[in-house]
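Enquirer: What follows is start22.cif, made up of mmCIF, C-alpha atoms:
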data_entry
loop_
_atom_site.group_PDB
_atom_site.id
_atom_site.type_symbol
_atom_site.label_atom_id
_atom_site.label_comp_id
_atom_site.auth_asym_id
_atom_site.auth_seq_id
_atom_site.Cartn_x
_atom_site.Cartn_y
_atom_site.Cartn_z
ATOM 1 C CA MET A 222 83.979 -33.599 -56.377
ATOM 2 C CA PRO A 223 84.233 -30.091 -57.851
ATOM 3 C CA SER A 224 86.244 -27.521 -55.909
ATOM 4 C CA LEU A 225 84.704 -24.383 -54.417
ATOM 5 C CA HIS A 226 86.457 -22.392 -57.133
ATOM 6 C CA ALA A 227 84.796 -24.543 -59.786
ATOM 7 C CA LEU A 228 81.387 -24.078 -58.171
ATOM 8 C CA ALA A 229 81.911 -20.321 -58.409
ATOM 9 C CA ASN A 230 81.335 -20.738 -62.149
ATOM 10 C CA PRO A 231 77.602 -19.968 -62.587
ATOM 11 C CA ARG A 232 77.152 -22.628 -65.274
ATOM 12 C CA ARG A 233 78.597 -25.378 -63.089
ATOM 13 C CA PHE A 234 76.687 -24.105 -60.092
ATOM 14 C CA LEU A 235 73.392 -24.183 -61.994
ATOM 15 C CA ALA A 236 74.063 -27.709 -63.214
ATOM 16 C CA ILE A 237 74.106 -28.814 -59.566
ATOM 17 C CA ALA A 238 71.495 -26.396 -58.194
ATOM 18 C CA ARG A 239 68.718 -27.266 -60.682
ATOM 19 C CA PRO A 240 68.268 -30.915 -59.635
ATOM 20 C CA LEU A 241 69.231 -30.235 -56.010
ATOM 21 C CA THR A 242 66.596 -27.546 -55.373
ATOM 22 C CA PRO A 243 63.486 -29.779 -55.568
ATOM 23 C CA ILE A 244 65.257 -32.490 -53.559
ATOM 24 C CA LEU A 245 66.000 -30.077 -50.718
ATOM 25 C CA VAL A 246 62.530 -28.552 -50.765
ATOM 26 C CA GLY A 247 60.739 -31.916 -50.955
ATOM 27 C CA ALA A 248 62.849 -33.623 -48.299
ATOM 28 C CA GLY A 249 62.730 -30.562 -46.072
ATOM 29 C CA ALA A 250 58.951 -30.261 -46.276
ATOM 30 C CA ALA A 251 58.524 -33.970 -45.511
ATOM 31 C CA LEU A 252 60.861 -33.910 -42.500
ATOM 32 C CA PHE A 253 59.362 -30.706 -41.143
ATOM 33 C CA ALA A 254 55.797 -31.996 -41.531
ATOM 34 C CA PHE A 255 56.679 -35.275 -39.822
ATOM 35 C CA GLY A 256 58.395 -33.438 -36.979
ATOM 36 C CA CYS A 257 55.394 -31.174 -36.438
ATOM 37 C CA TRP A 258 53.005 -34.151 -36.503
ATOM 38 C CA ALA A 259 55.160 -36.061 -34.031
ATOM 39 C CA GLY A 260 55.507 -33.037 -31.779
ATOM 40 C CA LEU A 261 51.751 -32.487 -31.716
ATOM 41 C CA THR A 262 50.646 -36.079 -31.288
ATOM 42 C CA GLN A 263 53.498 -38.303 -30.113
ATOM 43 C CA THR A 264 55.070 -36.387 -27.211
ATOM 44 C CA PRO A 265 53.787 -35.610 -23.713
ATOM 45 C CA ALA A 266 52.990 -32.140 -22.433
ATOM 46 C CA ASP A 267 55.634 -30.458 -20.293
ATOM 47 C CA TYR A 268 55.064 -30.688 -16.557
ATOM 48 C CA LEU A 269 55.476 -26.898 -16.165
ATOM 49 C CA GLN A 270 54.538 -25.343 -19.527
ATOM 50 C CA GLY A 271 51.842 -27.815 -20.487
ATOM 51 C CA GLU A 272 50.805 -27.984 -24.129
ATOM 52 C CA SER A 273 52.429 -24.639 -24.985
ATOM 53 C CA VAL A 274 55.843 -26.321 -25.016
ATOM 54 C CA ARG A 275 55.011 -27.847 -28.398
ATOM 55 C CA ILE A 276 55.707 -24.542 -30.136
ATOM 56 C CA LEU A 277 59.418 -25.216 -29.579
ATOM 57 C CA TYR A 278 59.380 -27.490 -32.648
ATOM 58 C CA VAL A 279 58.914 -24.389 -34.814
ATOM 59 C CA HIS A 280 60.374 -21.668 -32.596
ATOM 60 C CA VAL A 281 63.782 -23.230 -32.002
ATOM 61 C CA PRO A 282 64.588 -24.056 -35.671
ATOM 62 C CA ALA A 283 63.412 -20.565 -36.648
ATOM 63 C CA ALA A 284 65.790 -19.022 -34.106
ATOM 64 C CA TRP A 285 68.694 -21.211 -35.229
ATOM 65 C CA LEU A 286 68.131 -20.419 -38.894
ATOM 66 C CA GLY A 287 67.666 -16.716 -38.251
ATOM 67 C CA MET A 288 71.109 -16.580 -36.662
ATOM 68 C CA GLY A 289 72.649 -19.214 -38.938
ATOM 69 C CA GLY A 290 71.327 -17.382 -41.977
ATOM 70 C CA TRP A 291 73.190 -14.225 -41.043
ATOM 71 C CA SER A 292 76.349 -16.224 -40.357
ATOM 72 C CA SER A 293 76.093 -17.717 -43.850
ATOM 73 C CA LEU A 294 75.403 -14.290 -45.342
ATOM 74 C CA ALA A 295 78.517 -12.927 -43.647
ATOM 75 C CA ILE A 296 80.666 -15.820 -44.900
ATOM 76 C CA ALA A 297 79.421 -15.240 -48.449
ATOM 77 C CA SER A 298 80.210 -11.537 -48.046
ATOM 78 C CA ILE A 299 83.766 -12.323 -46.921
ATOM 79 C CA VAL A 300 84.259 -14.653 -49.893
ATOM 80 C CA TYR A 301 83.027 -11.923 -52.227
ATOM 81 C CA LEU A 302 85.294 -9.248 -50.761
ATOM 82 C CA VAL A 303 88.394 -11.458 -50.657
ATOM 83 C CA TRP A 304 88.075 -13.484 -53.872
ATOM 84 C CA ARG A 305 85.619 -11.263 -55.761
ATOM 85 C CA HIS A 306 83.435 -14.169 -56.837
ATOM 86 C CA PRO A 307 80.142 -12.680 -58.093
ATOM 87 C CA LEU A 308 78.336 -15.877 -57.114
ATOM 88 C CA ALA A 309 79.150 -15.170 -53.460
ATOM 89 C CA ALA A 310 77.330 -11.845 -53.673
ATOM 90 C CA VAL A 311 74.375 -13.618 -55.292
ATOM 91 C CA ALA A 312 74.390 -16.138 -52.431
ATOM 92 C CA ALA A 313 74.406 -13.391 -49.779
ATOM 93 C CA ARG A 314 71.425 -11.649 -51.389
ATOM 94 C CA ALA A 315 69.595 -14.965 -51.699
ATOM 95 C CA ILE A 316 70.100 -15.789 -48.016
ATOM 96 C CA ALA A 317 68.801 -12.464 -46.711
ATOM 97 C CA LEU A 318 65.078 -12.900 -47.380
ATOM 98 C CA PRO A 319 64.616 -16.430 -45.955
ATOM 99 C CA GLY A 320 66.837 -15.400 -43.054
ATOM 100 C CA ALA A 321 64.553 -12.454 -42.343
ATOM 101 C CA LEU A 322 61.451 -14.651 -42.640
ATOM 102 C CA PHE A 323 62.779 -17.230 -40.186
ATOM 103 C CA THR A 324 63.769 -14.451 -37.784
ATOM 104 C CA ALA A 325 60.237 -13.049 -38.011
ATOM 105 C CA LEU A 326 58.830 -16.536 -37.418
ATOM 106 C CA CYS A 327 61.045 -16.842 -34.348
ATOM 107 C CA LEU A 328 59.683 -13.558 -32.976
ATOM 108 C CA VAL A 329 56.051 -14.462 -33.667
ATOM 109 C CA THR A 330 56.248 -17.961 -32.206
ATOM 110 C CA GLY A 331 58.215 -16.641 -29.246
ATOM 111 C CA SER A 332 55.497 -14.107 -28.570
ATOM 112 C CA ILE A 333 52.813 -16.790 -28.769
ATOM 113 C CA TRP A 334 54.862 -19.006 -26.468
ATOM 114 C CA GLY A 335 55.471 -16.150 -24.038
ATOM 115 C CA ARG A 336 51.807 -15.272 -23.536
ATOM 116 C CA PRO A 337 50.868 -18.364 -21.458
ATOM 117 C CA THR A 338 54.380 -18.789 -20.043
ATOM 118 C CA TRP A 339 55.218 -15.215 -18.979
ATOM 119 C CA GLY A 340 51.742 -13.708 -19.033
ATOM 120 C CA THR A 341 52.628 -11.176 -21.734
ATOM 121 C CA TRP A 342 52.964 -11.110 -25.520
ATOM 122 C CA TRP A 343 56.153 -9.052 -25.445
ATOM 123 C CA GLN A 344 58.857 -8.050 -23.012
ATOM 124 C CA TRP A 345 61.916 -5.906 -23.683
ATOM 125 C CA ASP A 346 63.976 -8.913 -22.718
ATOM 126 C CA GLY A 347 67.622 -9.186 -23.777
ATOM 127 C CA ARG A 348 67.058 -12.168 -26.075
ATOM 128 C CA LEU A 349 63.829 -10.858 -27.597
ATOM 129 C CA THR A 350 65.177 -7.359 -28.148
ATOM 130 C CA SER A 351 68.425 -8.539 -29.748
ATOM 131 C CA MET A 352 66.487 -10.921 -32.008
ATOM 132 C CA LEU A 353 64.224 -8.042 -33.045
ATOM 133 C CA LEU A 354 67.326 -6.022 -33.880
ATOM 134 C CA LEU A 355 68.538 -8.893 -36.069
ATOM 135 C CA PHE A 356 65.251 -8.760 -37.976
ATOM 136 C CA PHE A 357 65.742 -5.024 -38.579
ATOM 137 C CA VAL A 358 69.336 -5.654 -39.664
ATOM 138 C CA TYR A 359 68.053 -8.170 -42.228
ATOM 139 C CA LEU A 360 65.590 -5.579 -43.542
ATOM 140 C CA ALA A 361 68.372 -2.985 -43.722
ATOM 141 C CA TYR A 362 70.557 -5.410 -45.701
ATOM 142 C CA LEU A 363 67.722 -6.134 -48.135
ATOM 143 C CA ALA A 364 67.157 -2.406 -48.692
ATOM 144 C CA LEU A 365 70.883 -1.738 -49.041
ATOM 145 C CA ALA A 366 71.387 -4.588 -51.508
ATOM 146 C CA ARG A 367 68.433 -3.358 -53.580
ATOM 147 C CA ALA A 368 69.736 0.222 -53.600
ATOM 148 C CA ASP A 369 73.223 -0.978 -54.558
ATOM 149 C CA ALA A 370 71.814 -3.017 -57.445
ATOM 150 C CA ASP A 371 69.648 -0.111 -58.657
ATOM 151 C CA ARG A 372 72.678 2.175 -58.913
ATOM 152 C CA ASP A 373 74.810 -0.560 -60.517
ATOM 153 C CA GLY A 374 77.096 -0.757 -57.487
ATOM 154 C CA ASP A 375 79.868 -3.278 -57.118
ATOM 155 C CA GLY A 376 78.341 -5.007 -54.058
ATOM 156 C CA ARG A 377 81.061 -4.004 -51.601
ATOM 157 C CA ILE A 378 78.841 -1.866 -49.356
ATOM 158 C CA PRO A 379 76.231 -4.630 -48.760
ATOM 159 C CA ALA A 380 79.080 -7.096 -48.201
ATOM 160 C CA LEU A 381 80.686 -4.874 -45.581
ATOM 161 C CA PHE A 382 77.316 -4.432 -43.899
ATOM 162 C CA GLY A 383 76.831 -8.201 -43.915
ATOM 163 C CA ILE A 384 80.131 -8.678 -42.100
ATOM 164 C CA ALA A 385 79.471 -5.848 -39.621
ATOM 165 C CA GLY A 386 76.108 -7.363 -38.710
ATOM 166 C CA THR A 387 77.788 -10.394 -37.189
ATOM 167 C CA ALA A 388 78.531 -8.253 -34.123
ATOM 168 C CA LEU A 389 74.914 -8.830 -33.116
ATOM 169 C CA LEU A 390 75.176 -12.639 -33.085
ATOM 170 C CA PRO A 391 77.182 -13.052 -29.850
ATOM 171 C CA VAL A 392 74.834 -10.557 -28.190
ATOM 172 C CA ILE A 393 71.883 -12.790 -29.094
ATOM 173 C CA ARG A 394 73.743 -15.932 -28.087
ATOM 174 C CA TYR A 395 74.843 -14.723 -24.656
ATOM 175 C CA SER A 396 72.029 -12.295 -23.838
ATOM 176 C CA VAL A 397 70.396 -14.777 -21.452
ATOM 177 C CA LEU A 398 73.697 -15.060 -19.588
ATOM 178 C CA TRP A 399 74.729 -11.401 -19.555
ATOM 179 C CA TRP A 400 71.421 -9.922 -18.359
ATOM 180 C CA ARG A 401 68.737 -10.940 -15.903
ATOM 181 C CA THR A 402 66.001 -11.927 -18.297
ATOM 182 C CA LEU A 403 62.608 -13.576 -18.616
ATOM 183 C CA HIS A 404 63.885 -15.787 -21.398
ATOM 184 C CA GLN A 405 65.166 -19.118 -20.175
ATOM 185 C CA GLY A 406 68.840 -19.980 -20.411
ATOM 186 C CA PRO A 407 70.311 -22.247 -23.098
ATOM 187 C CA SER A 408 68.313 -25.489 -23.174
ATOM 188 C CA ILE A 409 70.367 -27.191 -25.893
ATOM 189 C CA THR A 410 74.138 -27.013 -26.312
ATOM 190 C CA LEU A 411 76.635 -29.052 -28.295
ATOM 191 C CA THR A 412 77.180 -31.401 -25.365
ATOM 192 C CA LYS A 413 73.885 -31.576 -23.461
ATOM 193 C CA SER A 414 70.200 -30.724 -23.330
ATOM 194 C CA THR A 415 67.944 -29.867 -20.407
ATOM 195 C CA ILE A 416 64.860 -30.948 -22.385
ATOM 196 C CA ASP A 417 63.539 -34.419 -21.653
ATOM 197 C CA PRO A 418 64.274 -36.826 -24.556
ATOM 198 C CA THR A 419 60.581 -37.797 -24.790
ATOM 199 C CA ILE A 420 59.831 -34.169 -25.728
ATOM 200 C CA LEU A 421 63.055 -33.372 -27.571
ATOM 201 C CA TRP A 422 63.231 -35.950 -30.374
ATOM 202 C CA PRO A 423 60.782 -34.371 -32.901
ATOM 203 C CA LEU A 424 62.884 -31.211 -32.805
ATOM 204 C CA PHE A 425 65.625 -32.959 -34.784
ATOM 205 C CA PHE A 426 63.150 -33.581 -37.613
ATOM 206 C CA THR A 427 61.748 -30.051 -37.680
ATOM 207 C CA ALA A 428 65.222 -28.511 -37.402
ATOM 208 C CA GLY A 429 66.583 -30.736 -40.170
ATOM 209 C CA GLY A 430 63.556 -30.149 -42.361
ATOM 210 C CA ALA A 431 63.630 -26.391 -41.869
ATOM 211 C CA SER A 432 67.351 -26.340 -42.697
ATOM 212 C CA LEU A 433 66.772 -28.235 -45.943
ATOM 213 C CA LEU A 434 63.890 -25.903 -46.823
ATOM 214 C CA PHE A 435 66.122 -22.926 -46.123
ATOM 215 C CA GLY A 436 68.793 -24.332 -48.423
ATOM 216 C CA GLY A 437 66.257 -25.072 -51.152
ATOM 217 C CA VAL A 438 64.837 -21.542 -51.013
ATOM 218 C CA VAL A 439 68.337 -20.056 -51.158
ATOM 219 C CA LEU A 440 69.187 -22.121 -54.244
ATOM 220 C CA MET A 441 65.873 -21.130 -55.827
ATOM 221 C CA ARG A 442 66.562 -17.444 -55.217
ATOM 222 C CA MET A 443 70.132 -17.747 -56.493
ATOM 223 C CA ARG A 444 68.899 -19.354 -59.706
ATOM 224 C CA THR A 445 66.316 -16.587 -60.131
ATOM 225 C CA ASP A 446 68.920 -13.875 -59.545
ATOM 226 C CA LEU A 447 71.335 -15.453 -62.016
ATOM 227 C CA ALA A 448 68.577 -15.669 -64.629
ATOM 228 C CA ARG A 449 67.782 -11.979 -64.068
ATOM 229 C CA ILE A 450 71.442 -10.995 -64.410
ATOM 230 C CA LYS A 451 71.741 -13.030 -67.611
ATOM 231 C CA ALA A 452 68.591 -11.454 -69.070
ATOM 232 C CA GLU A 453 69.776 -7.937 -68.216
ATOM 233 C CA ALA A 454 73.171 -8.616 -69.807
ATOM 234 C CA ARG A 455 71.466 -9.877 -72.976
ATOM 235 C CA MET A 456 69.282 -6.740 -73.132
ATOM 236 C CA ARG A 457 72.333 -4.506 -72.750
ATOM 237 C CA ARG A 458 74.112 -6.303 -75.599
ATOM 238 C CA ARG A 459 71.073 -5.891 -77.820
ATOM 239 C CA ALA A 460 70.749 -2.223 -76.936
ATOM 240 C CA ALA A 461 74.425 -1.635 -77.737
ATOM 241 C CA ALA A 462 74.214 -3.484 -81.081
#
Would you mind writing the structure in this file as structure tokens?
Expert:
Amino acid sequence: MPSLHALANPRRFLAIARPLTPILVGAGAALFAFGCWAGLTQTPADYLQGESVRILYVHVPAAWLGMGGWSSLAIASIVYLVWRHPLAAVAARAIALPGALFTALCLVTGSIWGRPTWGTWWQWDGRLTSMLLLFFVYLAYLALARADADRDGDGRIPALFGIAGTALLPVIRYSVLWWRTLHQGPSITLTKSTIDPTILWPLFFTAGGASLLFGGVVLMRMRTDLARIKAEARMRRRAAA
């Protein structure tokens, strides 16, 4: 198995990413579709929330990937700053857009879920507000990364911003514990779940499928960015000749 240092070579990375991308996207789409079908047709309604509980099969993976995406972005930023691997900076940029999209999906599905549950589309609740801030932080990173690329920056400023943004993650995680809030407390932890197993099981398919889709999109964006960098380098060489 190649080492992480070996994978930092763009040519070796692309040799793995090209065949892996369609596998991740195809498997992810299949798992996610099956999980949604099972959640809509094979599970009972919740005794309190009724049919609205079914939105958890999309909402929960979106929330996990919104937060997990920023964690991955921060790790890539640390790798770039410490070891100066350009591929790490490419990975961080590639993660930002799908991370922002999943965060937006979390906010939209949460709002739809909240309307019949809380009687309102939006509440300045600790969890909702901190998740909205994460979405804005993603947008700020995207703008900062674009500005840095336009001025031929070295990528350090977006990387530092990516690391600084992790301060928001524990706020999101513990917001339902720190403040009195409409949002329910943690339903799923590493050791237990308060959701009945007859309702819970499709979530593992949608969460797994969404994670594979996320990975496939990231690889796709990394390949696109590397192709752009290669094309720009070729144009510069031709212009200098």
Enquirer: Got a sec: who's within 12 Å of Pro240 (chain A), counting all atoms listed in the file, leaving out chain neighbours fewer than 5 positions off, as an NGL selection string?
Expert: :A and (234-235 or 245-247 or 437 or 440-441 or 444)
Enquirer: From (61.3, -35.5, -43.4), in the file's coordinates, out to 12 Å: which residues are reached, counting only C-alpha atoms? Answer as a PyMOL selection string.
Expert: chain A and resi 244-259+423-434
Enquirer: Counting only C-alpha atoms, which residue out of A:Asn230, A:Arg457, A:Arg314, A:Ala370 sits closest to Ser293 (chain A)?
Expert: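 Of A:Asn230, A:Arg457, A:Arg314, A:Ala370, the one nearest Ser293 (chain A), counting only C-alpha atoms, is A:Arg314.
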Enquirer: Care to translate the PyMOL selection byres ((chain A and resi 318-331) around 8) into actual residues of this file, as JSON, numbers by chain?
Expert: {"A": [276, 279, 280, 281, 283, 284, 286, 287, 288, 290, 291, 314, 315, 316, 317, 332, 333, 334, 335, 349, 352, 353, 355, 356, 359, 360, 363, 435, 438, 439]}
Enquirer: Which of these, A:Ala452, A:Thr242, A:Asp267, A:Arg233, has the shortest distance to Asp417 (chain A) once you count all atoms listed in the file?
Expert: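 Closest to Asp417 (chain A) of all the choices is A:Asp267.
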Enquirer: Would you mind listing what lies within 8 Å of region 341-347 of chain A as a list of chain:residue names, with only C-alpha atoms counted and same-chain residues fewer than 5 positions away left out?
Expert: A:Ser332, A:Ile333, A:Gly335, A:Arg336, A:Ile393, A:Ser396, A:Val397, A:Trp400, A:Thr402, A:Leu403, A:His404
Enquirer: Any chance you can output those residues with C-alpha atoms as an mmCIF file, in the frame of the given file?
Expert:
data_model
loop_
_atom_site.group_PDB
_atom_site.id
_atom_site.type_symbol
_atom_site.label_atom_id
_atom_site.label_comp_id
_atom_site.auth_asym_id
_atom_site.auth_seq_id
_atom_site.Cartn_x
_atom_site.Cartn_y
_atom_site.Cartn_z
ATOM 1 C CA SER A 332 55.497 -14.107 -28.570
ATOM 2 C CA ILE A 333 52.813 -16.790 -28.769
ATOM 3 C CA GLY A 335 55.471 -16.150 -24.038
ATOM 4 C CA ARG A 336 51.807 -15.272 -23.536
ATOM 5 C CA ILE A 393 71.883 -12.790 -29.094
ATOM 6 C CA SER A 396 72.029 -12.295 -23.838
ATOM 7 C CA VAL A 397 70.396 -14.777 -21.452
ATOM 8 C CA TRP A 400 71.421 -9.922 -18.359
ATOM 9 C CA THR A 402 66.001 -11.927 -18.297
ATOM 10 C CA LEU A 403 62.608 -13.576 -18.616
ATOM 11 C CA HIS A 404 63.885 -15.787 -21.398
#
Enquirer: If I take CA of Ala295 (chain A) and CA of Gly383 (chain A), how far is one from the other in Å, to one decimal?
Expert: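 Distance reported for this atom pair: 5.0 Å.
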Enquirer: Do you have the CA of Arg459 (chain A)-CA of Leu447 (chain A) distance handy?
Expert: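 Spanning CA of Arg459 (chain A) to CA of Leu447 (chain A) is a straight-line distance of 18.5 Å.
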Enquirer: How many Å lie between CA of Ala385 (chain A) and CA of Ile299 (chain A), rounded to one decimal?
Expert: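 Separation of CA of Ala385 (chain A) and CA of Ile299 (chain A): 10.7 Å.
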Enquirer: Report as AutoDock Vina command-line options the centre and the edge lengths, in Å to one decimal, of the axis-aligned box holding every listed atom of region 305-312 of chain A, padded by 8 Å on each side.
Expert:
--center_x 80.0 --center_y -13.7 --center_z -55.3 --size_x 27.2 --size_y 20.9 --size_z 21.7
Enquirer: N, CA and C atoms are what I want for region 433-454 of chain A; can you complete it accordingly and write them as a PDB file, keeping the file's coordinate frame?
Expert:
ATOM      1  N   LEU A 433      66.814 -27.852 -44.525  1.00  0.00           N
ATOM      2  CA  LEU A 433      66.772 -28.235 -45.943  1.00  0.00           C
ATOM      3  C   LEU A 433      65.882 -27.283 -46.744  1.00  0.00           C
ATOM      4  N   LEU A 434      64.755 -26.879 -46.157  1.00  0.00           N
ATOM      5  CA  LEU A 434      63.890 -25.903 -46.823  1.00  0.00           C
ATOM      6  C   LEU A 434      64.621 -24.585 -47.031  1.00  0.00           C
ATOM      7  N   PHE A 435      65.344 -24.160 -46.020  1.00  0.00           N
ATOM      8  CA  PHE A 435      66.122 -22.926 -46.123  1.00  0.00           C
ATOM      9  C   PHE A 435      67.103 -23.032 -47.290  1.00  0.00           C
ATOM     10  N   GLY A 436      67.843 -24.145 -47.339  1.00  0.00           N
ATOM     11  CA  GLY A 436      68.793 -24.332 -48.423  1.00  0.00           C
ATOM     12  C   GLY A 436      68.130 -24.359 -49.789  1.00  0.00           C
ATOM     13  N   GLY A 437      66.968 -25.021 -49.881  1.00  0.00           N
ATOM     14  CA  GLY A 437      66.257 -25.072 -51.152  1.00  0.00           C
ATOM     15  C   GLY A 437      65.785 -23.707 -51.604  1.00  0.00           C
ATOM     16  N   VAL A 438      65.286 -22.895 -50.673  1.00  0.00           N
ATOM     17  CA  VAL A 438      64.837 -21.542 -51.013  1.00  0.00           C
ATOM     18  C   VAL A 438      66.012 -20.681 -51.452  1.00  0.00           C
ATOM     19  N   VAL A 439      67.146 -20.824 -50.779  1.00  0.00           N
ATOM     20  CA  VAL A 439      68.337 -20.056 -51.158  1.00  0.00           C
ATOM     21  C   VAL A 439      68.771 -20.419 -52.582  1.00  0.00           C
ATOM     22  N   LEU A 440      68.822 -21.710 -52.882  1.00  0.00           N
ATOM     23  CA  LEU A 440      69.187 -22.121 -54.244  1.00  0.00           C
ATOM     24  C   LEU A 440      68.187 -21.591 -55.268  1.00  0.00           C
ATOM     25  N   MET A 441      66.905 -21.629 -54.927  1.00  0.00           N
ATOM     26  CA  MET A 441      65.873 -21.130 -55.827  1.00  0.00           C
ATOM     27  C   MET A 441      66.069 -19.639 -56.110  1.00  0.00           C
ATOM     28  N   ARG A 442      66.360 -18.887 -55.059  1.00  0.00           N
ATOM     29  CA  ARG A 442      66.562 -17.444 -55.217  1.00  0.00           C
ATOM     30  C   ARG A 442      67.852 -17.150 -55.974  1.00  0.00           C
ATOM     31  N   MET A 443      68.895 -17.942 -55.753  1.00  0.00           N
ATOM     32  CA  MET A 443      70.132 -17.747 -56.493  1.00  0.00           C
ATOM     33  C   MET A 443      69.917 -18.003 -57.984  1.00  0.00           C
ATOM     34  N   ARG A 444      69.182 -19.056 -58.303  1.00  0.00           N
ATOM     35  CA  ARG A 444      68.899 -19.354 -59.706  1.00  0.00           C
ATOM     36  C   ARG A 444      68.096 -18.225 -60.354  1.00  0.00           C
ATOM     37  N   THR A 445      67.122 -17.692 -59.613  1.00  0.00           N
ATOM     38  CA  THR A 445      66.316 -16.587 -60.131  1.00  0.00           C
ATOM     39  C   THR A 445      67.172 -15.350 -60.370  1.00  0.00           C
ATOM     40  N   ASP A 446      68.057 -15.053 -59.417  1.00  0.00           N
ATOM     41  CA  ASP A 446      68.920 -13.875 -59.545  1.00  0.00           C
ATOM     42  C   ASP A 446      69.882 -14.027 -60.715  1.00  0.00           C
ATOM     43  N   LEU A 447      70.437 -15.220 -60.888  1.00  0.00           N
ATOM     44  CA  LEU A 447      71.335 -15.453 -62.016  1.00  0.00           C
ATOM     45  C   LEU A 447      70.607 -15.334 -63.353  1.00  0.00           C
ATOM     46  N   ALA A 448      69.369 -15.804 -63.401  1.00  0.00           N
ATOM     47  CA  ALA A 448      68.577 -15.669 -64.629  1.00  0.00           C
ATOM     48  C   ALA A 448      68.302 -14.198 -64.928  1.00  0.00           C
ATOM     49  N   ARG A 449      68.020 -13.414 -63.880  1.00  0.00           N
ATOM     50  CA  ARG A 449      67.782 -11.979 -64.068  1.00  0.00           C
ATOM     51  C   ARG A 449      69.038 -11.281 -64.580  1.00  0.00           C
ATOM     52  N   ILE A 450      70.182 -11.609 -63.980  1.00  0.00           N
ATOM     53  CA  ILE A 450      71.442 -10.995 -64.410  1.00  0.00           C
ATOM     54  C   ILE A 450      71.745 -11.340 -65.863  1.00  0.00           C
ATOM     55  N   LYS A 451      71.491 -12.601 -66.229  1.00  0.00           N
ATOM     56  CA  LYS A 451      71.741 -13.030 -67.611  1.00  0.00           C
ATOM     57  C   LYS A 451      70.817 -12.303 -68.576  1.00  0.00           C
ATOM     58  N   ALA A 452      69.541 -12.148 -68.200  1.00  0.00           N
ATOM     59  CA  ALA A 452      68.591 -11.454 -69.070  1.00  0.00           C
ATOM     60  C   ALA A 452      68.959  -9.983 -69.229  1.00  0.00           C
ATOM     61  N   GLU A 453      69.388  -9.339 -68.132  1.00  0.00           N
ATOM     62  CA  GLU A 453      69.776  -7.937 -68.216  1.00  0.00           C
ATOM     63  C   GLU A 453      71.016  -7.769 -69.089  1.00  0.00           C
ATOM     64  N   ALA A 454      71.967  -8.696 -68.976  1.00  0.00           N
ATOM     65  CA  ALA A 454      73.171  -8.616 -69.807  1.00  0.00           C
ATOM     66  C   ALA A 454      72.822  -8.782 -71.283  1.00  0.00           C
TER      67      ALA A 454
END
